[in-house]
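S.K.: Input: one structure, supplied below.
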Amino acid sequence: MTDLAHSDAEASRVDQAIDVLLAEHDPTVTDPVRFLGSQYDAGLAWVSFPPGHGGLGVPPSLQKHVARRLQAAGAPKGIAHNPLGYGMGAPTVVAHGTMEQKQRLLRPLFTGEEVWCQLFSEPGAGSDLAGLATCAVPDGDAWIVNGQKVWTSWAHLARWGMLVARTDPSVAKHRGLSYFICDMTAPGVDVRPLRQLTGHAEFNEVYLTDVRLPSSLMLGQPGEGWAVALTTLNNERYMLSEGLAADSAMREAIRLWRARPDKMSSEAMNLRGRLLELYVRVEATRLTTLRAEEQRDSGTVGPEGAVAKLATTQLNQQVTELCVDLLGPAGMLYGSYNELRQPELSDVVGVEADTPMRAYLRARANTIEGGTSEVLRNTLGERVLGLPADIRVDKTLPWNQLRRS
């Protein structure tokens with residue numbers, strides 16, 4: 001059956017490209033970076049992107065078909081070693097970048113040769129991202145950046161960072177921002193690890209001291225940073241909802257229930273009731289999320305991604321908590337809290353890739369990262385349901401006149 005989001009001719013075109021790619025580059029013997037480069041050149045990196053930039057100009061609904069066929073053939077995953085670049089950086093570059101930026105940045109991003117990170121949140125600007133204080137001052141054909149970012153995943157491995165900085169403090173906070181691709185190897189970039197509850201240090205704080213960025217690394221025009229950042233954020237929420245699928249944790253919970261010797265006590269009956277309730281909610285959320293994905297498959301990534309992120313992250317916390325409870329006293333044990341620098345972020349939050357205890361601890365961050373649940377509820381209320389916006393007395397005031405803590 002043909003997906004309504006694409007035609008038979010488009011599906012056939014994609015299949016032909018996959019056939020040629022696999023025939024000329026056997027993924028079982030081809031170097032992963034070389035294979036991914038060939039996948040990009042074939043237009044199968046992001047099929048909805050324009051030809052010549054990793055795509056074929058076909059509907060994004062065909063990307064899952066590409067992933068299924070290549071996975072079955074044993075091909076490497078482009079997202080595995082560079083999830084922030086793949087899921088957030090690339091869509092932002094293709095939407096707002098110049099031809100030169102697309103040609104320079106997209107291919108090594110997809111092959112994993114250049115890892116990306118996100119330089120958005122600050123100690124004083126998390127939920128209120130538009131209130132950020134990192135500044136960029138023009139200096140000839142470059143900008144001098146000073147400030148501090150925090151909770152930056154993969155900054156210690158990244159070549160490029162998606163950076164939002166204030167270039168005009170004399171206008172309203174949303175209007176005075178600009179978006180840069182920050183060279184993480186530039187002088188003045190200082191990355192320091194942040195140890196988490198799990199013992200890992202996948203997040204970092206980043207200090208930017210007189211970092212010189214050429215104007216060619218700005219995405220969009222000065223003052224357009226908020227609009228560009230929304231592209232990144234909307235794609236981030238879709239990416240997180242996919243990577244934090246609560247149904248993976250539910251499969252682990254079912255396995256733990258089946259392995260439990262005691263199934264008849266009052267405690268066991270309580271756990272069974274929680275399991276059944278969460279199973280229904282996970283399935284209902286999966287179906288609801290499919291409706292939100294229809295907007296993305298049509299080629300437009302909008303605020304509907306907040307639906308998937310909000311529901312999935314909350315459920316992921318509840319199901320991982322159930323997994324720990326199903327383990328009984330063993331659920332209180334933890335292998336080690338020794339600091340560990342995360343070499344790869346793939347499956348960091350997945351139950352299947354690690355112990356249920358670590359998944360439970362890591363899931364505490366789910367409702368904060370990528371936009372807090374409170375912010376997402378406001379987004380859904382205002383931009384999806386059309387409800388009146390909250391009263392914001394600082395929305396039109398110049399940023400340099402706002403009171404800051």
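Simple scheme: letters A, B, ... for chains in structure tokens order, numbers from 1 for residues in each chain, numbers from 1 for ligands in the order shown.
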So that I can check the secondary structure, give me every residue of region 58-267 of chain A assigned alpha helix (DSSP H) by backbone DSSP, as a VMD selection string.
M.R.: chain A and resid 63 to 72 83 to 84 90 to 96 99 to 111 225 to 243 246 to 259 266 to 267
S.K.: Any idea what's packed within 12 Å of Asp394 (chain A), counting only C-alpha atoms, ignoring anything in its chain fewer than 4 positions away? Could you give it as JSON, numbers by chain?
M.R.: {"A": [128, 130, 131, 171, 172, 173, 174, 390, 398, 399, 400, 401, 402, 403, 404]}
S.K.: Quick one, how far is CA of Ser38 (chain A) from CA of Leu21 (chain A)?
M.R.: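 Computing the Euclidean distance for CA of Ser38 (chain A) and CA of Leu21 (chain A) yields 7.2 Å.
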S.K.: Write out as a list of chain:residue names the residues lying within 7 Å of region 149-157 of chain A, counting only C-alpha atoms and excluding same-chain residues fewer than 3 positions away.
M.R.: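 Here the answer would be A:Val115, A:Cys117, A:Gln118, A:Leu119, A:Phe120, A:Ser121, A:Glu122, A:Pro123, A:Val191, A:Glu202, A:Phe203, A:Asn204, A:Glu205, A:Val206, A:Tyr207.
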S.K.: For C-alpha atoms, I'd like the residues from the last selection saved as a compact mmCIF listing (two decimals), in the first residue's frame.
M.R.:
# COMPACT_ATOMS: atom_id res chain seq x y z
CA VAL A 115 30.10 16.16 15.40
CA CYS A 117 26.41 20.25 19.73
CA GLN A 118 23.82 22.83 20.82
CA LEU A 119 24.82 26.06 22.56
CA PHE A 120 21.43 27.43 23.64
CA SER A 121 20.78 27.20 27.41
CA GLU A 122 22.56 29.45 29.90
CA PRO A 123 22.66 29.57 33.71
CA VAL A 191 34.49 22.98 27.57
CA GLU A 202 27.55 13.61 28.75
CA PHE A 203 26.67 17.25 29.42
CA ASN A 204 29.06 20.18 29.64
CA GLU A 205 29.29 23.85 30.44
CA VAL A 206 30.98 25.94 27.77
CA TYR A 207 32.73 29.25 28.36
S.K.: Rank nothing, just name the residue among A:Glu224, A:Glu10, A:Glu236, A:Asp31 nearest to Gly371 (chain A), using only C-alpha atoms.
M.R.: A:Glu236
